Amino acid sequence: MATSAIPENQTKMVTLTIEGRQVSVPEGTSILEAAKQAGILIPHYCYHPGLPVAGVCRMCLVEVEKAPKLAPSCATSVAEGQVVHVHSEKSLEARKGVLEMLLINHPLDCPICDQSGECELQDYTAKEGRKDSRYREPKRFDPVEDFGGDVLYVPNRCILCTRCVRFMDDVAEDTVLNVSERGDRALIGKFEDKDLTHPWAGNVVDLCPVGALLSKDFLNKARAWELDHSASICPGCSQGCNISLQTRDNTVVRLQPRSNEAVNEYFMCDHGRMNYRWMNRTDRLDSPMVKTNGALVNADWDVAIPTAADLIRKGRVYVAASAGLSNEALYLLSQIAISRNGDGGFSVETGPEAPLAGVKDLSLRKDRAPNATGAELLGFKRGDSSLAGLQNGDVLVIADDELLNANESDLAKASSVIVIGTVLPPSVNADVILPIANFAEEEGTFTNLRGRVQRFLQAKAAPGMARPSWYVLADLCQAVGLAGDYYLASDVFEAMAASTPKFSGLSYDTLGLRGLPVVDQPLVGAGA
Amino acid sequence: MSSTTNLTHGHDEVYEPVFVGERKSNLEELFGRYPTKQACLLPALWMVQEARGWVSEAGMAEVADILELTPAYVKGVVTFYTMYNQHPVGKYFIQVCTTAPCNVCGAEGVVEAFLQHTKCGELGVTSSDGKYTVIEVECLGACGFATPVMINEDFIESVTPERVPEILAGLQ
Amino acid sequence: MGYPHPIHDRETPVISKYFGDREAISLEGWRKRGGYKALEKALTMTPTEIVDIVKASGLRGRGGAGFPTGLKWSFMRLDDGKPHYLCCNADESEPGTFKDREIMRWTPHALIEGCAIGAYAIGAETAYIYIRGEFTEPIARMNAAVKEAYAAGILGPNAMGTGKRVDVHVHRGAGAYICGEETALMNSLEGRRGNPRIKPPFPAVSGLFGQPTTINNVETLTAVPHILNNGAEWYSKLTLSSPKSAGSKLFSVCGNVLRPGNYEVTLGFPFKDFLYDVCGGPLPGRKFRAIIPGGVSVPIQTMEEAEATMMDYEGFIEQGSMLGSGGVIIIDDAQNLVKQIARIARFFAHESCAQCTQCREGTAWTTKILERIRDGEGTMEDLDTLLSIADNMTGKTICVLSDSCATPVVSGLKKFRGDFEALIKRKTFHPVLEPSLSAVA
């Protein structure tokens with residue numbers, strides 16, 4: 001199915017000219033993909049690199065010299081010496097014709113359509129379509145249908161590109177959608193009581209090039225142009241799907257997949273997609289606090305950090321860490337624990353595995369946390385409870401951990417408790433609280449279950465006085481006499497790479513926004 | 001994949017599977033003719049229609065189950081082909097060709113005559129006694145014998161409006 | 001023969017000789033008429049020898065495209081180790097065409113024999129005859145004949161005692177014109193929606209069930225036994241015109257004509273004589289107005305064009321149309337031509353598989369405009385729009401259904417524009433006045 005990269009040295013290369021630019025691509029590449037490599041976008045609807053070719057929208061017709069007819073560039077392989085015109089008069093006329101046909105039954109309801117602003121029909125019509133329609137007849141009308149799951153179907157807007165059908169059929173391998181009827185009566189159909197409940201079904205909404213398939217969750221929440229997009233990594237499980245984290249007015253409103261051939265191709269699962277509301281929690285720790293006369297009171301960072309440092313110096317340190325923390329935060333926590341002969345542990349919430357059948361090694365993983373592998377690589381021990389290694393008299397540092405499966409009685413072992421987190425876990429009697437930004441509010445890296453290290457960027461502002469976790473921990477390191485002279489998250493990463501063999505050679509620059517695998521050594525216990 | 005036992009027949013009545021006994025063995029015999037089970041989809045749907053007069057959603061689900069397809073897939077196929085009735089039709093299902101070659105020979109008059117004499121009144125509507133459903137159909141492939149009319153599985157050639165009462169009388 | 005009429009003395013009945021002959025239907029009757037001699041002979045020859053004879057005969061596909069049959073067969077690589085399939089296209093759905101129906105009704109064994117020879121020639125052990133669902137009687141006749149042929153050992157694992165396997169199966173369609181398109185037919189046979197496939201790959205490389213496949217029309221396959229029996233030279237000389245168009249051909253004649261029916265004539269026959277002599281001319285008191293000579297997918301001819309036509313693949317093209325499926329639709333001067341063109345467009349809108357945008361939307365849009373003009377609500381602007389839509393529908397889709405819908409509109413507007421303009425101006429149809437308004441090209 002998808003266009004997996006073929007090593008160039010094993011494949012015959014074909015050279016052709018597209019819009020006057022010469023390009024060499026492996027034999028068998030479509031003209032459409034070859035054009036992409038030449039930096040030319042051939043307008044298209046039904047074609048999607050993650051799906052089998054359908055060749056039905058006829059939007060990608062291009063003029064190939066010496067060919068009798070226009071060629072559908074998605075379904076035509078390159079040939080040596082071919083000369084392709086994407087924007088010739090003939091190609092433009094053909095596309096204008098397709099656009100007019102697509103619009104005759106399409107309602108002009110862009111002002112109330114969720115897709116508006118990110119609609120390919122809107123975009124190409126504005127760019128290449130007719131100024132007016134010659135259609136004088138009544139438009140077809142079909143009512144909106146609930147497809148189940150998170151998906152609504154608006155048949156009037158549908159252009160029958162069949163991306164959704166092909167995704168369910170060939171990628172999810174769960175044929176719950178079909179094309180029903182024929183001619184202009186055709187529409188996307190499903191069977192009664194067989195809903196779009198497949199764990200990856202939400203992708204059909206992203207795949208839909210128009211506003212025919214809508215997310216109920218996102219319905220009427222925002223206009224596309226109001227959204228800020230940040231490159232990020234899904235924190236929902238250990239797969240590490242690349243995502244675009246989208247906010248409106250400092251509120252996360254939507255997660256969408258960001259393509260990465262090595263991890264998630266073009267997809268993300270519904271669990272990950274819906275797992276964002278916690279990022280908008282309002283009951284957050286937003287000020288450092290210090291216990292004074294038996295009660296926690298707000299304090300300045302200048303007071304809280306030294307107070308925490310004083311506690312740390314008093315004994316062995318045990319860190320109960322979250323597997324949702326970045327490599328950077330976990331690295332600094334490990335430095336503190338090591339310096340105090342201490343130790344660290346974490347636990348991970350698990351759930352059923354849900355693979356996407358048509359893509360190799362892509363699944364909603366059992367581990368419902370993004371960085372268990374990073375935590376293990378940095379020396380944290382995995383247990384049923386993150387407090388498993390806590391010893392009597394330890395200084396306990398709870399690092400954004402919710403203390404899943406932990407016994408309250410275990411907490412009593414600690415001589416003192418420092419909470420570095422976004423919220424205060426119930427029944428924790430903290431001595432110092434250092435509020436940190438959550439995942440959406442800071443930048444950092446996660447290591448996925450295959451050992452791929454990937455960056456996520458800050459998408460919104462942290463509340464109150466909360467600071468990025470690496471920033472708080474760097475200050476704390478300095479306060480206890482450890483190296484902590486870091487001004488950027490990348491500085492922390494560099495220090496980690498220099499001192500942790502697994503990460504050696506990596507940097508934010510080399511990771512880019514697609515990530516890289518850690519040094520190739522067998523990963524113990526990193527399996528699904 | 002749904003089991004066929006708890007399917008309903010559009011209403012609340014219990015669905016009786018089509019593929020039991022002889023029909024089941026007839027279908028299984030067809031499996032040997034093709035390299036895939038899926039190729040038996042059209043024949044299987046024909047068998048459902050022969051047994052029930054139409055292809056209900058429950059019928060589609062049963063076929064899907066046997067041929068290892070999904071009900072949605074089967075429905076996509078059923079809705080493509082016009083000869084599978086997706087609703088019950090009258091005891092006599094009357095299909096009149098009105099495509100151009102028959103149209104120039106007066107096919108529309110034949111349709112009118114059937115609508116009038118069956119008391120169906122409207123195309124696609126079953127007469128109140130449940131006896132007749134009349135539809136216009138695209139080219140029946142008997143253009144030299146305009147107007148051809150299909151009543152259930154029988155073909156009647158060279159039908160004129162005048163012949164309609166006699167044809168209907170012959171059905172009684 | 002011009003079933004249901006007696007053989008006209010200017011016909012050349014080869015395939016249609018036994019139409020109407022009830023005894024020819026059974027195996028016994030067919031054998032008495034020389035049946036299965038060609039298959040017996042064929043199974044002693046090599047496949048390549050058969051292909052060469054068919055090539056030399058000049059037989060061309062009778063389904064519409066007219067592709068040389070022997071050449072098509074030669075595309076099948078006999079040594080590729082893959083299962084091969086023969087599909088017989090009996091989805092005869094092109095309005096105006098009903099010849100394959102009669103072949104199957106009257107001479108089912110002739111088709112089985114042709115299928116068996118064809119299958120053997122392309123290295124296939126299995127042939128499927130895909131018959132349109134509406135053909136209940138031909139289906140019943142074919143099923144009975146296949147049963148007889150198996151019982152007699154003609155088909156099966158030891159076909160005619162030669163130790164060679166030849167299976168022939170009948171597969172019933174379920175109501176879809178587009179399944180007459182070869183790749184759509186294959187999809188349908190595989191249990192899918194009858195959507196045409198993108199080519200390449202061509203069927204000879206990857207066809208039915210992904211295997212090398214040849215697909216031939218009923219009439220084409222039925223001609224093959226005659227060629228084997230009488231020789232390639234005999235067949236190639238059955239022509240009155242171009243040597244490129246050889247053999248006898250069945251033409252289905254329908255519409256406003258005295259003797260509608262099937263007539264078999266030698267290719268190159270003068271169309272004027274065919275219309276007025278063989279088919280008996282117009283109905284009493286009427287005049288022929290327009291002819292659609294090859295099923296509704298081909299351009300409409302004026303009578304001037306039709307009367308100057310030689311009936312072969314090249315001859316129809318020279319006179320502004322195509323031979324197509326050989327379905328001759330005759331429209332006389334009492335008809336509202338615009339209404340009939342609208343009716344043809346409605347047919348295509350009904351039958352569009354819905355894959356390609358231009359076809360799905362264009363066929364329906366064209367129909368709506370034409371029906372509006374028919375109902376007296378048209379404007380002159382509509383005529384320009386129709387031509388522009390037709391242009392967008394031509395040469396841009398996976399199959400030619402879209403082009404076929406545009407064809408009667410474009411040829412109708414080119415040759416009978418007066419009919420459209422009169423309806424737009426006058427709002428109602430006047431049969432007597434219309435022809436005089438038409439600017440006949």
# chains A, B, ... in the order shown; residues from 1 in each chain; ligands from 1
>>> closest_atom_pairs(of="chain C", to="chain A", cutoff="9 Å", atoms="only C-alpha atoms", output="Markdown table")
| residue | atom | partner | partner_atom | distance |
| --- | --- | --- | --- | --- |
| C:Arg193 | CA | A:Val179 | CA | 8.9 |
| C:Arg197 | CA | A:Ala54 | CA | 8.9 |
| C:Ile198 | CA | A:Gly55 | CA | 7.3 |
| C:Pro200 | CA | A:Thr76 | CA | 8.8 |
| C:Phe348 | CA | A:Gly183 | CA | 8.6 |
| C:Ala349 | CA | A:Gly183 | CA | 5.9 |
| C:His350 | CA | A:Gly183 | CA | 6.0 |
| C:Glu351 | CA | A:Gly183 | CA | 6.5 |
| C:Ser352 | CA | A:Gly183 | CA | 4.6 |
| C:Cys353 | CA | A:Arg182 | CA | 5.1 |
| C:Ala354 | CA | A:Gly183 | CA | 4.4 |
| C:Gln355 | CA | A:Val56 | CA | 5.3 |
| C:Cys356 | CA | A:Val56 | CA | 4.6 |
| C:Thr357 | CA | A:Cys57 | CA | 5.4 |
| C:Gln358 | CA | A:Val98 | CA | 6.2 |
| C:Cys359 | CA | A:Gly183 | CA | 7.8 |
| C:Arg360 | CA | A:Gly183 | CA | 4.8 |
| C:Glu361 | CA | A:Asp184 | CA | 5.7 |
| C:Gly362 | CA | A:Met101 | CA | 6.6 |
| C:Thr363 | CA | A:Gly183 | CA | 8.0 |
| C:Ala364 | CA | A:Asp184 | CA | 6.5 |
| C:Trp365 | CA | A:Tyr135 | CA | 7.9 |
| C:Lys368 | CA | A:Glu137 | CA | 7.0 |
| C:Ile369 | CA | A:Glu137 | CA | 7.8 |
| C:Asp382 | CA | A:Arg134 | CA | 8.9 |
| C:Thr385 | CA | A:Arg134 | CA | 7.3 |
| C:Ser388 | CA | A:Gly97 | CA | 8.8 |
| C:Ile389 | CA | A:Gly97 | CA | 7.7 |
| C:Asp391 | CA | A:Gly97 | CA | 8.9 |
| C:Asn392 | CA | A:Gly97 | CA | 5.7 |
| C:Met393 | CA | A:Gly97 | CA | 8.6 |
| C:Gly395 | CA | A:Lys69 | CA | 6.4 |
| C:Lys396 | CA | A:Leu70 | CA | 6.7 |
| C:Thr397 | CA | A:Arg58 | CA | 6.8 |
| C:Ile398 | CA | A:Val56 | CA | 7.4 |
>>> closest_atom_pairs(of="chain B", to="chain C", cutoff="8 Å", atoms="only C-alpha atoms", output="JSON lines")
{"residue": "B:Arg33", "atom": "CA", "partner": "C:His169", "partner_atom": "CA", "distance": 7.4}
{"residue": "B:Pro35", "atom": "CA", "partner": "C:Phe209", "partner_atom": "CA", "distance": 7.7}
{"residue": "B:Thr36", "atom": "CA", "partner": "C:Glu190", "partner_atom": "CA", "distance": 7.7}
{"residue": "B:Gln38", "atom": "CA", "partner": "C:Gly191", "partner_atom": "CA", "distance": 5.3}
{"residue": "B:Ala39", "atom": "CA", "partner": "C:Glu190", "partner_atom": "CA", "distance": 4.2}
{"residue": "B:Cys40", "atom": "CA", "partner": "C:Gly191", "partner_atom": "CA", "distance": 6.4}
{"residue": "B:Leu41", "atom": "CA", "partner": "C:Gly191", "partner_atom": "CA", "distance": 5.0}
{"residue": "B:Leu42", "atom": "CA", "partner": "C:Gly191", "partner_atom": "CA", "distance": 6.0}
{"residue": "B:Pro43", "atom": "CA", "partner": "C:Arg172", "partner_atom": "CA", "distance": 7.0}
{"residue": "B:Gly76", "atom": "CA", "partner": "C:Arg193", "partner_atom": "CA", "distance": 7.2}
{"residue": "B:Val77", "atom": "CA", "partner": "C:Arg193", "partner_atom": "CA", "distance": 5.0}
{"residue": "B:Phe80", "atom": "CA", "partner": "C:Arg193", "partner_atom": "CA", "distance": 6.0}
{"residue": "B:Tyr81", "atom": "CA", "partner": "C:Gly175", "partner_atom": "CA", "distance": 5.0}
{"residue": "B:Thr82", "atom": "CA", "partner": "C:Gly175", "partner_atom": "CA", "distance": 4.9}
{"residue": "B:Met83", "atom": "CA", "partner": "C:Gly175", "partner_atom": "CA", "distance": 5.1}
{"residue": "B:Tyr84", "atom": "CA", "partner": "C:Ala174", "partner_atom": "CA", "distance": 6.9}
{"residue": "B:Thr99", "atom": "CA", "partner": "C:Arg343", "partner_atom": "CA", "distance": 6.5}
{"residue": "B:Ala100", "atom": "CA", "partner": "C:Gln340", "partner_atom": "CA", "distance": 5.7}
{"residue": "B:Pro101", "atom": "CA", "partner": "C:Gly255", "partner_atom": "CA", "distance": 5.1}
{"residue": "B:Cys102", "atom": "CA", "partner": "C:Gly255", "partner_atom": "CA", "distance": 6.7}
{"residue": "B:Asn103", "atom": "CA", "partner": "C:Gln340", "partner_atom": "CA", "distance": 7.6}
{"residue": "B:Val104", "atom": "CA", "partner": "C:Gly255", "partner_atom": "CA", "distance": 6.1}
{"residue": "B:Cys105", "atom": "CA", "partner": "C:Gly255", "partner_atom": "CA", "distance": 6.1}
{"residue": "B:Glu138", "atom": "CA", "partner": "C:Phe347", "partner_atom": "CA", "distance": 6.5}
{"residue": "B:Cys139", "atom": "CA", "partner": "C:Pro95", "partner_atom": "CA", "distance": 5.6}
{"residue": "B:Leu140", "atom": "CA", "partner": "C:Glu134", "partner_atom": "CA", "distance": 6.3}
{"residue": "B:Gly141", "atom": "CA", "partner": "C:Phe98", "partner_atom": "CA", "distance": 5.2}
{"residue": "B:Ala142", "atom": "CA", "partner": "C:Phe98", "partner_atom": "CA", "distance": 5.4}
{"residue": "B:Cys143", "atom": "CA", "partner": "C:Gly96", "partner_atom": "CA", "distance": 5.5}
{"residue": "B:Gly144", "atom": "CA", "partner": "C:Cys254", "partner_atom": "CA", "distance": 4.6}
{"residue": "B:Phe145", "atom": "CA", "partner": "C:Pro260", "partner_atom": "CA", "distance": 7.5}
{"residue": "B:Ala146", "atom": "CA", "partner": "C:Gly255", "partner_atom": "CA", "distance": 7.9}
{"residue": "B:Glu153", "atom": "CA", "partner": "C:Thr136", "partner_atom": "CA", "distance": 6.2}
{"residue": "B:Asp154", "atom": "CA", "partner": "C:Thr136", "partner_atom": "CA", "distance": 7.2}
{"residue": "B:Phe155", "atom": "CA", "partner": "C:Thr136", "partner_atom": "CA", "distance": 7.6}
>>> write_last_selection(atoms="N, CA and C atoms", output="short mmCIF file (atom, residue, chain, number, x, y, z; two decimals), in the first residue's frame")
data_model
loop_
_atom_site.label_atom_id
_atom_site.label_comp_id
_atom_site.auth_asym_id
_atom_site.auth_seq_id
_atom_site.Cartn_x
_atom_site.Cartn_y
_atom_site.Cartn_z
N ARG B 33 -16.66 -23.44 -8.65
CA ARG B 33 -16.52 -22.85 -9.99
C ARG B 33 -15.55 -21.67 -10.03
N PRO B 35 -12.25 -19.30 -8.08
CA PRO B 35 -11.13 -19.38 -7.14
C PRO B 35 -11.38 -18.63 -5.82
N THR B 36 -12.41 -17.78 -5.78
CA THR B 36 -12.71 -17.08 -4.52
C THR B 36 -14.17 -17.29 -4.16
N GLN B 38 -15.86 -14.92 -2.80
CA GLN B 38 -16.49 -13.63 -3.09
C GLN B 38 -17.17 -13.64 -4.46
N ALA B 39 -16.61 -14.41 -5.40
CA ALA B 39 -17.18 -14.47 -6.74
C ALA B 39 -18.60 -15.03 -6.73
N CYS B 40 -18.97 -15.69 -5.64
CA CYS B 40 -20.32 -16.23 -5.54
C CYS B 40 -21.31 -15.20 -4.99
N LEU B 41 -20.86 -13.95 -4.85
CA LEU B 41 -21.74 -12.95 -4.24
C LEU B 41 -23.01 -12.71 -5.07
N LEU B 42 -22.84 -12.44 -6.36
CA LEU B 42 -24.03 -12.18 -7.17
C LEU B 42 -24.95 -13.41 -7.21
N PRO B 43 -24.39 -14.62 -7.45
CA PRO B 43 -25.27 -15.81 -7.41
C PRO B 43 -25.97 -15.98 -6.06
N GLY B 76 -23.01 -2.40 -0.40
CA GLY B 76 -22.46 -1.60 -1.48
C GLY B 76 -22.66 -2.27 -2.82
N VAL B 77 -22.51 -3.57 -2.85
CA VAL B 77 -22.69 -4.32 -4.10
C VAL B 77 -24.17 -4.39 -4.47
N PHE B 80 -25.57 -1.40 -6.07
CA PHE B 80 -25.02 -1.10 -7.40
C PHE B 80 -25.90 -1.70 -8.49
N TYR B 81 -26.43 -2.87 -8.21
CA TYR B 81 -27.17 -3.61 -9.23
C TYR B 81 -28.66 -3.38 -9.08
N THR B 82 -29.30 -2.97 -10.18
CA THR B 82 -30.69 -2.55 -10.06
C THR B 82 -31.66 -3.72 -9.90
N MET B 83 -31.24 -4.93 -10.23
CA MET B 83 -32.20 -6.03 -10.21
C MET B 83 -32.44 -6.62 -8.82
N TYR B 84 -31.59 -6.29 -7.87
CA TYR B 84 -31.86 -6.75 -6.51
C TYR B 84 -32.86 -5.81 -5.87
N THR B 99 -36.33 2.92 -22.55
CA THR B 99 -35.14 3.54 -23.14
C THR B 99 -35.43 3.90 -24.61
N ALA B 100 -34.62 4.78 -25.17
CA ALA B 100 -34.89 5.40 -26.47
C ALA B 100 -35.48 4.47 -27.54
N PRO B 101 -34.85 3.32 -27.84
CA PRO B 101 -35.41 2.50 -28.93
C PRO B 101 -36.85 2.08 -28.69
N CYS B 102 -37.21 1.79 -27.44
CA CYS B 102 -38.60 1.45 -27.13
C CYS B 102 -39.44 2.72 -27.00
N ASN B 103 -38.78 3.76 -26.52
CA ASN B 103 -39.48 5.02 -26.33
C ASN B 103 -40.04 5.54 -27.65
N VAL B 104 -39.25 5.43 -28.73
CA VAL B 104 -39.76 5.92 -30.03
C VAL B 104 -40.90 5.04 -30.53
N CYS B 105 -41.03 3.86 -29.95
CA CYS B 105 -42.12 2.96 -30.36
C CYS B 105 -43.31 3.04 -29.41
N GLU B 138 -34.37 0.43 -17.55
CA GLU B 138 -33.51 0.80 -18.68
C GLU B 138 -33.28 -0.44 -19.54
N CYS B 139 -33.13 -0.21 -20.81
CA CYS B 139 -32.96 -1.20 -21.86
C CYS B 139 -32.93 -2.67 -21.43
N LEU B 140 -33.95 -3.40 -21.84
CA LEU B 140 -34.02 -4.83 -21.53
C LEU B 140 -33.33 -5.68 -22.60
N GLY B 141 -32.79 -5.05 -23.61
CA GLY B 141 -32.04 -5.80 -24.62
C GLY B 141 -32.92 -6.58 -25.57
N ALA B 142 -34.11 -6.07 -25.83
CA ALA B 142 -34.99 -6.73 -26.79
C ALA B 142 -35.63 -5.65 -27.65
N CYS B 143 -34.80 -4.69 -28.08
CA CYS B 143 -35.28 -3.48 -28.72
C CYS B 143 -36.07 -3.74 -30.01
N GLY B 144 -35.77 -4.84 -30.66
CA GLY B 144 -36.50 -5.15 -31.89
C GLY B 144 -37.90 -5.64 -31.63
N PHE B 145 -38.19 -5.86 -30.36
CA PHE B 145 -39.51 -6.36 -29.98
C PHE B 145 -40.16 -5.36 -29.03
N ALA B 146 -40.11 -4.08 -29.45
CA ALA B 146 -40.64 -3.03 -28.59
C ALA B 146 -42.16 -3.21 -28.46
N GLU B 153 -39.87 -13.26 -13.75
CA GLU B 153 -38.77 -13.74 -14.58
C GLU B 153 -39.19 -13.93 -16.04
N ASP B 154 -40.44 -13.60 -16.36
CA ASP B 154 -40.92 -13.83 -17.72
C ASP B 154 -40.82 -12.59 -18.58
N PHE B 155 -40.45 -12.81 -19.82
CA PHE B 155 -40.27 -11.76 -20.80
C PHE B 155 -41.46 -11.75 -21.74
#
>>> closest_atom_pairs(of="chain B", to="chain A", cutoff="12 Å", atoms="only C-alpha atoms", output="CSV")
residue,atom,partner,partner_atom,distance
B:Met1,CA,A:Lys194,CA,9.6
B:Ser2,CA,A:Lys194,CA,9.6
B:Leu7,CA,A:Asp193,CA,11.2
B:Thr8,CA,A:Glu192,CA,11.5
B:Gly10,CA,A:Glu192,CA,10.6
B:Ser56,CA,A:Glu192,CA,11.6
B:Glu57,CA,A:Phe191,CA,8.1
B:Ala58,CA,A:Glu192,CA,9.9
B:Met60,CA,A:Phe191,CA,9.6
B:Ala61,CA,A:Phe191,CA,9.1
B:Ala64,CA,A:Thr175,CA,11.3
B:Glu68,CA,A:Thr175,CA,11.4
B:Leu69,CA,A:Thr175,CA,8.3
B:Thr70,CA,A:Thr175,CA,6.2
B:Pro71,CA,A:Phe191,CA,6.2
B:Ala72,CA,A:Phe191,CA,4.8
B:Tyr73,CA,A:Asn178,CA,5.9
B:Val74,CA,A:Asn178,CA,8.7
B:Lys75,CA,A:Phe191,CA,7.1
B:Gly76,CA,A:Ser180,CA,4.7
B:Val77,CA,A:Ser180,CA,7.5
B:Val78,CA,A:Ser180,CA,8.3
B:Thr79,CA,A:Glu181,CA,4.7
B:Phe80,CA,A:Glu181,CA,5.0
B:Tyr81,CA,A:Glu181,CA,8.1
B:Thr82,CA,A:Glu181,CA,8.9
B:Tyr84,CA,A:Glu181,CA,11.8
B:Gln86,CA,A:Glu181,CA,11.4
>>> write_last_selection(atoms="C-alpha atoms", output="PDB file, in the first residue's frame")
ATOM      1  CA  MET B   1     -19.274 -10.598  11.607  1.00  0.00           C
ATOM      2  CA  SER B   2     -22.765 -11.026  12.811  1.00  0.00           C
ATOM      3  CA  LEU B   7     -31.077 -10.934  12.754  1.00  0.00           C
ATOM      4  CA  THR B   8     -34.413  -9.369  12.126  1.00  0.00           C
ATOM      5  CA  GLY B  10     -36.671  -5.317   8.786  1.00  0.00           C
ATOM      6  CA  SER B  56     -33.336  -7.530   2.980  1.00  0.00           C
ATOM      7  CA  GLU B  57     -30.538  -6.207   5.169  1.00  0.00           C
ATOM      8  CA  ALA B  58     -30.723  -9.433   7.129  1.00  0.00           C
ATOM      9  CA  MET B  60     -27.275  -9.266   3.041  1.00  0.00           C
ATOM     10  CA  ALA B  61     -25.840 -10.031   6.467  1.00  0.00           C
ATOM     11  CA  ALA B  64     -21.815 -11.673   4.088  1.00  0.00           C
ATOM     12  CA  GLU B  68     -16.638 -14.031   4.622  1.00  0.00           C
ATOM     13  CA  LEU B  69     -17.428 -10.462   3.646  1.00  0.00           C
ATOM     14  CA  THR B  70     -18.796  -7.610   5.717  1.00  0.00           C
ATOM     15  CA  PRO B  71     -22.466  -6.602   5.558  1.00  0.00           C
ATOM     16  CA  ALA B  72     -21.463  -3.083   4.495  1.00  0.00           C
ATOM     17  CA  TYR B  73     -19.500  -4.487   1.583  1.00  0.00           C
ATOM     18  CA  VAL B  74     -22.417  -6.612   0.487  1.00  0.00           C
ATOM     19  CA  LYS B  75     -24.758  -3.644   0.733  1.00  0.00           C
ATOM     20  CA  GLY B  76     -22.459  -1.595  -1.478  1.00  0.00           C
ATOM     21  CA  VAL B  77     -22.689  -4.321  -4.098  1.00  0.00           C
ATOM     22  CA  VAL B  78     -26.454  -4.824  -3.755  1.00  0.00           C
ATOM     23  CA  THR B  79     -27.149  -1.129  -4.250  1.00  0.00           C
ATOM     24  CA  PHE B  80     -25.023  -1.102  -7.402  1.00  0.00           C
ATOM     25  CA  TYR B  81     -27.171  -3.608  -9.234  1.00  0.00           C
ATOM     26  CA  THR B  82     -30.694  -2.549 -10.064  1.00  0.00           C
ATOM     27  CA  TYR B  84     -31.859  -6.754  -6.511  1.00  0.00           C
ATOM     28  CA  GLN B  86     -34.173  -3.681  -1.682  1.00  0.00           C
TER      29      GLN B  86
END
>>> select_by_dssp(residues="segment 28-162 of chain B", states="strand (DSSP E)", output="MDAnalysis selection string")
chainID B and resid 92:97 132:137 149:151 154:156
>>> write_last_selection(atoms="C-alpha atoms", output="CSV table (one decimal), in the first residue's frame")
chain,number,residue,atom,x,y,z
B,92,TYR,CA,-46.2,-9.5,-10.0
B,93,PHE,CA,-43.2,-7.2,-10.5
B,94,ILE,CA,-43.7,-5.5,-13.9
B,95,GLN,CA,-40.7,-3.9,-15.5
B,96,VAL,CA,-41.3,-1.9,-18.7
B,97,CYS,CA,-38.4,-0.8,-20.9
B,132,TYR,CA,-48.5,-5.4,-8.6
B,133,THR,CA,-45.5,-3.2,-8.7
B,134,VAL,CA,-44.7,-1.3,-11.9
B,135,ILE,CA,-41.4,0.3,-12.7
B,136,GLU,CA,-39.7,1.8,-15.7
B,137,VAL,CA,-36.5,-0.1,-16.5
B,149,VAL,CA,-42.0,-6.1,-20.5
B,150,MET,CA,-40.6,-8.3,-17.8
B,151,ILE,CA,-43.1,-9.7,-15.3
B,154,ASP,CA,-40.9,-13.8,-17.7
B,155,PHE,CA,-40.3,-11.8,-20.8
B,156,ILE,CA,-43.2,-10.5,-22.9
>>> residues_around(residues="Ser504 of chain A", least_positions_apart="3", cutoff="10 Å", atoms="only C-alpha atoms", output="NGL selection string")
:A and (494-501 or 507 or 518-519)
>>> write_last_selection(atoms="C-alpha atoms", output="PDB file, in the first residue's frame")
ATOM      1  CA  GLU A 494      22.874  17.803  24.829  1.00  0.00           C
ATOM      2  CA  ALA A 495      24.038  17.095  28.381  1.00  0.00           C
ATOM      3  CA  MET A 496      21.969  13.919  28.427  1.00  0.00           C
ATOM      4  CA  ALA A 497      23.365  12.787  25.062  1.00  0.00           C
ATOM      5  CA  ALA A 498      26.903  13.442  26.282  1.00  0.00           C
ATOM      6  CA  SER A 499      26.517  11.370  29.415  1.00  0.00           C
ATOM      7  CA  THR A 500      24.053   8.652  28.370  1.00  0.00           C
ATOM      8  CA  PRO A 501      25.493   6.248  25.762  1.00  0.00           C
ATOM      9  CA  SER A 507      20.754  16.540  19.235  1.00  0.00           C
ATOM     10  CA  VAL A 518      18.543   5.785  19.904  1.00  0.00           C
ATOM     11  CA  VAL A 519      21.882   4.085  19.468  1.00  0.00           C
TER      12      VAL A 519
END
>>> select_by_dssp(residues="segment 8-176 of chain C", states="helix (DSSP H, G or I)", output="PyMOL selection string")
chain C and resi 22-25+27-32+37-42+47-57+69-74+99-106+108-121+136-151+159-161
>>> atom_distance(atom1="atom CA of Leu513 of chain A", atom2="atom CA of Ala369 of chain A")
19.9 Å
>>> residues_around(residues="segment 88-91 of chain B", least_positions_apart="6", cutoff="8 Å", atoms="only C-alpha atoms", output="ChimeraX atom specification")
/B:53-54,126-127,130-133
